[in-house]
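Engineer: This is the structure I have questions about; it appears just below.
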Amino acid sequence: YTLKSLWPFHAFLHSVLQQLILKDTGQIFIEPVDQTEVPDYGDIVKHPMDLLTMELKIKNSEYNSLEVFENDFNLMISNCLAYNSKDTIFYKAGIKMRDQGGSVLRNAKRDLKILD
Ligand SMILES: CCOC(=O)c1ccc2c(c1)NC(=O)[C@@H](C)N2
């Protein structure tokens, strides 16, 4: 068996997402930025992304590769680093999530290779 045939690929992505959610200790990436709370967010961030949206995209089979999933993770991080200035908690959390989430994704890529 390979991962892709035995176990639906979206189940694999769901397990990767759960690991990313665990890294979001401040719970600032878990849902879309509330633009009524952050009224100028849409002026700077044209393509918002968050972990809940990524979960919905898994469920809708919108990710047919780990790379497409990773693109949304990287979009979420770049939005955070673009909108928040360097001295903010949000920016620092973005750096932490970039680094910790990056290692989650590196391991996931390795796991996919070993299984094929
Ligand atoms: C209730 C107010 O919430 C926020 O101001 C807020 C909440 C979550 C946020 C955020 C702002 N900014 C961000 O860049 C992304 C990473 N997360």
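How things are named: the first chain in the structure tokens is A, the next is B, and so on; residues count from 1 in each chain; ligands count from 1 in the order shown.
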Write out as a list in words which residues come within 9 Å of segment 62-65 of chain A when counting only C-alpha atoms, dropping same-chain ones fewer than 4 positions away.
Structural biologist: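 Neighbouring residues, sequence-local ones excluded: Phe9, His10, Leu13, Leu56, Lys57, Ile58, Phe69 and Glu70 of chain A.
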Engineer: Filtering to N, CA, C and O atoms, could you give me those residues as a compact mmCIF listing (two decimals), in the first residue's frame?
Structural biologist:
# COMPACT_ATOMS: atom_id res chain seq x y z
N PHE A 9 -5.54 11.07 0.81
CA PHE A 9 -4.53 12.11 0.96
C PHE A 9 -5.01 13.21 1.88
O PHE A 9 -4.25 13.78 2.67
N HIS A 10 -6.32 13.49 1.84
CA HIS A 10 -6.82 14.59 2.69
C HIS A 10 -6.71 14.23 4.17
O HIS A 10 -6.56 15.10 5.02
N LEU A 13 -3.24 15.28 5.03
CA LEU A 13 -3.16 16.75 5.19
C LEU A 13 -3.81 17.19 6.49
O LEU A 13 -3.32 18.10 7.17
N LEU A 56 -11.13 23.73 5.81
CA LEU A 56 -12.30 23.66 4.92
C LEU A 56 -11.86 23.31 3.50
O LEU A 56 -12.52 22.54 2.80
N LYS A 57 -10.69 23.81 3.10
CA LYS A 57 -10.19 23.51 1.75
C LYS A 57 -9.79 22.04 1.65
O LYS A 57 -9.98 21.40 0.62
N ILE A 58 -9.26 21.46 2.75
CA ILE A 58 -8.96 20.01 2.75
C ILE A 58 -10.27 19.25 2.52
O ILE A 58 -10.36 18.39 1.66
N PHE A 69 -0.92 22.95 -0.52
CA PHE A 69 -1.23 23.16 0.91
C PHE A 69 -0.20 24.10 1.52
O PHE A 69 -0.53 25.07 2.21
N GLU A 70 1.08 23.85 1.20
CA GLU A 70 2.19 24.65 1.73
C GLU A 70 2.10 26.10 1.23
O GLU A 70 2.41 27.04 1.98
Engineer: Dump as JSON lines the rows for residues of chain A within 12 Å of ligand 1: closest atom pair and distance in Å with one decimal, only C-alpha atoms and all ligand atoms counted, ordered by chain and rising residue number.
Structural biologist:
{"residue": "A:Asp24", "atom": "CA", "partner": "ligand 1", "partner_atom_place_in_ligand_line": "16 (C)", "distance": 9.9}
{"residue": "A:Thr25", "atom": "CA", "partner": "ligand 1", "partner_atom_place_in_ligand_line": "16 (C)", "distance": 11.9}
{"residue": "A:Gly26", "atom": "CA", "partner": "ligand 1", "partner_atom_place_in_ligand_line": "8 (C)", "distance": 9.0}
{"residue": "A:Gln27", "atom": "CA", "partner": "ligand 1", "partner_atom_place_in_ligand_line": "8 (C)", "distance": 7.7}
{"residue": "A:Ile28", "atom": "CA", "partner": "ligand 1", "partner_atom_place_in_ligand_line": "17 (N)", "distance": 4.2}
{"residue": "A:Phe29", "atom": "CA", "partner": "ligand 1", "partner_atom_place_in_ligand_line": "16 (C)", "distance": 5.3}
{"residue": "A:Ile30", "atom": "CA", "partner": "ligand 1", "partner_atom_place_in_ligand_line": "17 (N)", "distance": 8.1}
{"residue": "A:Glu31", "atom": "CA", "partner": "ligand 1", "partner_atom_place_in_ligand_line": "8 (C)", "distance": 7.6}
{"residue": "A:Pro32", "atom": "CA", "partner": "ligand 1", "partner_atom_place_in_ligand_line": "17 (N)", "distance": 7.3}
{"residue": "A:Val33", "atom": "CA", "partner": "ligand 1", "partner_atom_place_in_ligand_line": "8 (C)", "distance": 5.0}
{"residue": "A:Asp34", "atom": "CA", "partner": "ligand 1", "partner_atom_place_in_ligand_line": "3 (O)", "distance": 6.3}
{"residue": "A:Gln35", "atom": "CA", "partner": "ligand 1", "partner_atom_place_in_ligand_line": "4 (C)", "distance": 8.4}
{"residue": "A:Thr36", "atom": "CA", "partner": "ligand 1", "partner_atom_place_in_ligand_line": "2 (C)", "distance": 8.7}
{"residue": "A:Glu37", "atom": "CA", "partner": "ligand 1", "partner_atom_place_in_ligand_line": "2 (C)", "distance": 5.2}
{"residue": "A:Val38", "atom": "CA", "partner": "ligand 1", "partner_atom_place_in_ligand_line": "5 (O)", "distance": 5.6}
{"residue": "A:Pro39", "atom": "CA", "partner": "ligand 1", "partner_atom_place_in_ligand_line": "5 (O)", "distance": 9.4}
{"residue": "A:Asp40", "atom": "CA", "partner": "ligand 1", "partner_atom_place_in_ligand_line": "5 (O)", "distance": 10.8}
{"residue": "A:Tyr41", "atom": "CA", "partner": "ligand 1", "partner_atom_place_in_ligand_line": "12 (N)", "distance": 8.1}
{"residue": "A:Gly42", "atom": "CA", "partner": "ligand 1", "partner_atom_place_in_ligand_line": "14 (O)", "distance": 11.0}
{"residue": "A:Ile44", "atom": "CA", "partner": "ligand 1", "partner_atom_place_in_ligand_line": "14 (O)", "distance": 10.6}
{"residue": "A:Val45", "atom": "CA", "partner": "ligand 1", "partner_atom_place_in_ligand_line": "14 (O)", "distance": 9.2}
{"residue": "A:Pro48", "atom": "CA", "partner": "ligand 1", "partner_atom_place_in_ligand_line": "15 (C)", "distance": 9.2}
{"residue": "A:Met49", "atom": "CA", "partner": "ligand 1", "partner_atom_place_in_ligand_line": "16 (C)", "distance": 9.1}
{"residue": "A:Asp50", "atom": "CA", "partner": "ligand 1", "partner_atom_place_in_ligand_line": "16 (C)", "distance": 8.1}
{"residue": "A:Leu51", "atom": "CA", "partner": "ligand 1", "partner_atom_place_in_ligand_line": "16 (C)", "distance": 10.4}
{"residue": "A:Phe73", "atom": "CA", "partner": "ligand 1", "partner_atom_place_in_ligand_line": "16 (C)", "distance": 11.8}
{"residue": "A:Leu75", "atom": "CA", "partner": "ligand 1", "partner_atom_place_in_ligand_line": "16 (C)", "distance": 11.0}
{"residue": "A:Met76", "atom": "CA", "partner": "ligand 1", "partner_atom_place_in_ligand_line": "16 (C)", "distance": 7.6}
{"residue": "A:Ile77", "atom": "CA", "partner": "ligand 1", "partner_atom_place_in_ligand_line": "16 (C)", "distance": 7.6}
{"residue": "A:Ser78", "atom": "CA", "partner": "ligand 1", "partner_atom_place_in_ligand_line": "14 (O)", "distance": 9.5}
{"residue": "A:Asn79", "atom": "CA", "partner": "ligand 1", "partner_atom_place_in_ligand_line": "14 (O)", "distance": 6.8}
{"residue": "A:Cys80", "atom": "CA", "partner": "ligand 1", "partner_atom_place_in_ligand_line": "14 (O)", "distance": 4.3}
{"residue": "A:Leu81", "atom": "CA", "partner": "ligand 1", "partner_atom_place_in_ligand_line": "14 (O)", "distance": 7.5}
{"residue": "A:Ala82", "atom": "CA", "partner": "ligand 1", "partner_atom_place_in_ligand_line": "14 (O)", "distance": 8.3}
{"residue": "A:Tyr83", "atom": "CA", "partner": "ligand 1", "partner_atom_place_in_ligand_line": "14 (O)", "distance": 6.1}
{"residue": "A:Asn84", "atom": "CA", "partner": "ligand 1", "partner_atom_place_in_ligand_line": "14 (O)", "distance": 6.0}
{"residue": "A:Ser85", "atom": "CA", "partner": "ligand 1", "partner_atom_place_in_ligand_line": "14 (O)", "distance": 9.7}
{"residue": "A:Lys86", "atom": "CA", "partner": "ligand 1", "partner_atom_place_in_ligand_line": "14 (O)", "distance": 11.6}
{"residue": "A:Thr88", "atom": "CA", "partner": "ligand 1", "partner_atom_place_in_ligand_line": "14 (O)", "distance": 9.8}
{"residue": "A:Ile89", "atom": "CA", "partner": "ligand 1", "partner_atom_place_in_ligand_line": "12 (N)", "distance": 9.5}
{"residue": "A:Phe90", "atom": "CA", "partner": "ligand 1", "partner_atom_place_in_ligand_line": "16 (C)", "distance": 5.8}
{"residue": "A:Tyr91", "atom": "CA", "partner": "ligand 1", "partner_atom_place_in_ligand_line": "14 (O)", "distance": 7.4}
{"residue": "A:Lys92", "atom": "CA", "partner": "ligand 1", "partner_atom_place_in_ligand_line": "16 (C)", "distance": 10.0}
{"residue": "A:Ala93", "atom": "CA", "partner": "ligand 1", "partner_atom_place_in_ligand_line": "16 (C)", "distance": 7.8}
{"residue": "A:Gly94", "atom": "CA", "partner": "ligand 1", "partner_atom_place_in_ligand_line": "16 (C)", "distance": 6.9}
{"residue": "A:Ile95", "atom": "CA", "partner": "ligand 1", "partner_atom_place_in_ligand_line": "16 (C)", "distance": 10.7}
{"residue": "A:Lys96", "atom": "CA", "partner": "ligand 1", "partner_atom_place_in_ligand_line": "16 (C)", "distance": 11.6}
{"residue": "A:Met97", "atom": "CA", "partner": "ligand 1", "partner_atom_place_in_ligand_line": "16 (C)", "distance": 9.9}
{"residue": "A:Arg98", "atom": "CA", "partner": "ligand 1", "partner_atom_place_in_ligand_line": "16 (C)", "distance": 11.5}
Engineer: Which polymer residues have any atom within 12 Å of an atom of Leu66 of chain A, counting only C-alpha atoms, with same-chain residues fewer than 4 positions away left out, as a list of chain:residue names?
Structural biologist: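 Here the answer would be A:Lys4, A:Phe9, A:His10, A:Phe12, A:Leu13, A:His14, A:Val16, A:Leu17, A:Ile58, A:Glu62, A:Glu70, A:Asn71, A:Asp72, A:Phe73, A:Val104, A:Leu105, A:Arg106, A:Asn107, A:Ala108, A:Lys109, A:Arg110, A:Asp111, A:Leu112, A:Lys113.
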Engineer: As JSON, numbers by chain, which residues of chain A does DSSP assign to alpha helix (DSSP H)?
Structural biologist: {"A": [3, 4, 5, 6, 9, 10, 11, 12, 13, 14, 15, 16, 17, 18, 19, 20, 21, 22, 23, 41, 42, 43, 44, 51, 52, 53, 54, 55, 56, 57, 58, 59, 66, 67, 68, 69, 70, 71, 72, 73, 74, 75, 76, 77, 78, 79, 80, 81, 82, 83, 89, 90, 91, 92, 93, 94, 95, 96, 97, 98, 99, 100, 101, 102, 103, 104, 105, 106, 107, 108, 109, 110, 111, 112, 113, 114, 115]}
Engineer: Residues of the last selection are to be written out with C-alpha atoms, as a PDB file, in the first residue's frame.
Structural biologist:
ATOM      1  CA  LEU A   3      -0.250   6.460   1.655  1.00  0.00           C
ATOM      2  CA  LYS A   4      -2.098   7.870  -1.343  1.00  0.00           C
ATOM      3  CA  SER A   5      -3.919   4.662  -2.220  1.00  0.00           C
ATOM      4  CA  LEU A   6      -4.614   3.188   1.256  1.00  0.00           C
ATOM      5  CA  PHE A   9      -4.528  12.113   0.958  1.00  0.00           C
ATOM      6  CA  HIS A  10      -6.816  14.594   2.691  1.00  0.00           C
ATOM      7  CA  ALA A  11      -6.538  12.534   5.908  1.00  0.00           C
ATOM      8  CA  PHE A  12      -2.750  12.979   5.672  1.00  0.00           C
ATOM      9  CA  LEU A  13      -3.156  16.745   5.185  1.00  0.00           C
ATOM     10  CA  HIS A  14      -5.572  16.871   8.131  1.00  0.00           C
ATOM     11  CA  SER A  15      -2.908  15.329  10.388  1.00  0.00           C
ATOM     12  CA  VAL A  16      -0.346  17.892   9.145  1.00  0.00           C
ATOM     13  CA  LEU A  17      -2.836  20.702   9.834  1.00  0.00           C
ATOM     14  CA  GLN A  18      -3.451  19.443  13.356  1.00  0.00           C
ATOM     15  CA  GLN A  19       0.296  19.704  14.024  1.00  0.00           C
ATOM     16  CA  LEU A  20       0.268  23.305  12.743  1.00  0.00           C
ATOM     17  CA  ILE A  21      -2.727  24.131  14.967  1.00  0.00           C
ATOM     18  CA  LEU A  22      -0.759  22.848  17.989  1.00  0.00           C
ATOM     19  CA  LYS A  23       2.053  25.295  17.120  1.00  0.00           C
ATOM     20  CA  TYR A  41      -6.538  44.723   7.315  1.00  0.00           C
ATOM     21  CA  GLY A  42      -8.073  44.408   3.847  1.00  0.00           C
ATOM     22  CA  ASP A  43      -6.143  47.469   2.600  1.00  0.00           C
ATOM     23  CA  ILE A  44      -2.863  45.615   3.046  1.00  0.00           C
ATOM     24  CA  LEU A  51      -5.841  27.443   9.533  1.00  0.00           C
ATOM     25  CA  LEU A  52      -9.643  26.995   9.684  1.00  0.00           C
ATOM     26  CA  THR A  53      -9.934  28.034   6.028  1.00  0.00           C
ATOM     27  CA  MET A  54      -7.218  25.502   5.204  1.00  0.00           C
ATOM     28  CA  GLU A  55      -9.225  22.799   6.992  1.00  0.00           C
ATOM     29  CA  LEU A  56     -12.299  23.663   4.918  1.00  0.00           C
ATOM     30  CA  LYS A  57     -10.195  23.507   1.745  1.00  0.00           C
ATOM     31  CA  ILE A  58      -8.963  20.012   2.755  1.00  0.00           C
ATOM     32  CA  LYS A  59     -12.595  18.919   3.230  1.00  0.00           C
ATOM     33  CA  LEU A  66       1.421  19.052  -0.338  1.00  0.00           C
ATOM     34  CA  GLU A  67       2.931  21.971  -2.287  1.00  0.00           C
ATOM     35  CA  VAL A  68      -0.502  23.604  -2.829  1.00  0.00           C
ATOM     36  CA  PHE A  69      -1.234  23.156   0.905  1.00  0.00           C
ATOM     37  CA  GLU A  70       2.190  24.648   1.727  1.00  0.00           C
ATOM     38  CA  ASN A  71       1.477  27.658  -0.531  1.00  0.00           C
ATOM     39  CA  ASP A  72      -1.509  28.582   1.691  1.00  0.00           C
ATOM     40  CA  PHE A  73       0.607  28.143   4.838  1.00  0.00           C
ATOM     41  CA  ASN A  74       3.251  30.475   3.366  1.00  0.00           C
ATOM     42  CA  LEU A  75       0.521  32.969   2.335  1.00  0.00           C
ATOM     43  CA  MET A  76      -0.804  32.998   5.923  1.00  0.00           C
ATOM     44  CA  ILE A  77       2.698  33.747   7.257  1.00  0.00           C
ATOM     45  CA  SER A  78       3.547  36.405   4.656  1.00  0.00           C
ATOM     46  CA  ASN A  79       0.220  38.168   5.357  1.00  0.00           C
ATOM     47  CA  CYS A  80       1.122  38.268   9.064  1.00  0.00           C
ATOM     48  CA  LEU A  81       4.645  39.627   8.448  1.00  0.00           C
ATOM     49  CA  ALA A  82       3.325  42.188   5.934  1.00  0.00           C
ATOM     50  CA  TYR A  83       0.514  43.583   8.083  1.00  0.00           C
ATOM     51  CA  ILE A  89       3.489  40.122  19.340  1.00  0.00           C
ATOM     52  CA  PHE A  90       1.728  39.174  16.089  1.00  0.00           C
ATOM     53  CA  TYR A  91       4.883  39.610  14.001  1.00  0.00           C
ATOM     54  CA  LYS A  92       6.975  37.602  16.485  1.00  0.00           C
ATOM     55  CA  ALA A  93       4.310  34.864  16.471  1.00  0.00           C
ATOM     56  CA  GLY A  94       4.524  34.888  12.678  1.00  0.00           C
ATOM     57  CA  ILE A  95       8.280  34.255  12.804  1.00  0.00           C
ATOM     58  CA  LYS A  96       7.767  31.442  15.323  1.00  0.00           C
ATOM     59  CA  MET A  97       5.004  29.827  13.229  1.00  0.00           C
ATOM     60  CA  ARG A  98       7.116  30.188  10.076  1.00  0.00           C
ATOM     61  CA  ASP A  99       9.977  28.314  11.750  1.00  0.00           C
ATOM     62  CA  GLN A 100       7.998  25.696  13.699  1.00  0.00           C
ATOM     63  CA  GLY A 101       5.419  25.179  10.962  1.00  0.00           C
ATOM     64  CA  GLY A 102       8.242  24.937   8.441  1.00  0.00           C
ATOM     65  CA  SER A 103       9.713  21.976  10.256  1.00  0.00           C
ATOM     66  CA  VAL A 104       6.275  20.296  10.446  1.00  0.00           C
ATOM     67  CA  LEU A 105       6.023  20.634   6.650  1.00  0.00           C
ATOM     68  CA  ARG A 106       9.594  19.384   6.062  1.00  0.00           C
ATOM     69  CA  ASN A 107       8.783  16.240   8.044  1.00  0.00           C
ATOM     70  CA  ALA A 108       5.504  15.785   6.169  1.00  0.00           C
ATOM     71  CA  LYS A 109       7.350  16.010   2.823  1.00  0.00           C
ATOM     72  CA  ARG A 110       9.858  13.396   4.070  1.00  0.00           C
ATOM     73  CA  ASP A 111       7.016  11.111   5.237  1.00  0.00           C
ATOM     74  CA  LEU A 112       5.320  11.307   1.826  1.00  0.00           C
ATOM     75  CA  LYS A 113       8.570  10.246   0.104  1.00  0.00           C
ATOM     76  CA  ILE A 114       9.208   7.305   2.430  1.00  0.00           C
ATOM     77  CA  LEU A 115       5.644   6.029   1.899  1.00  0.00           C
TER      78      LEU A 115
END
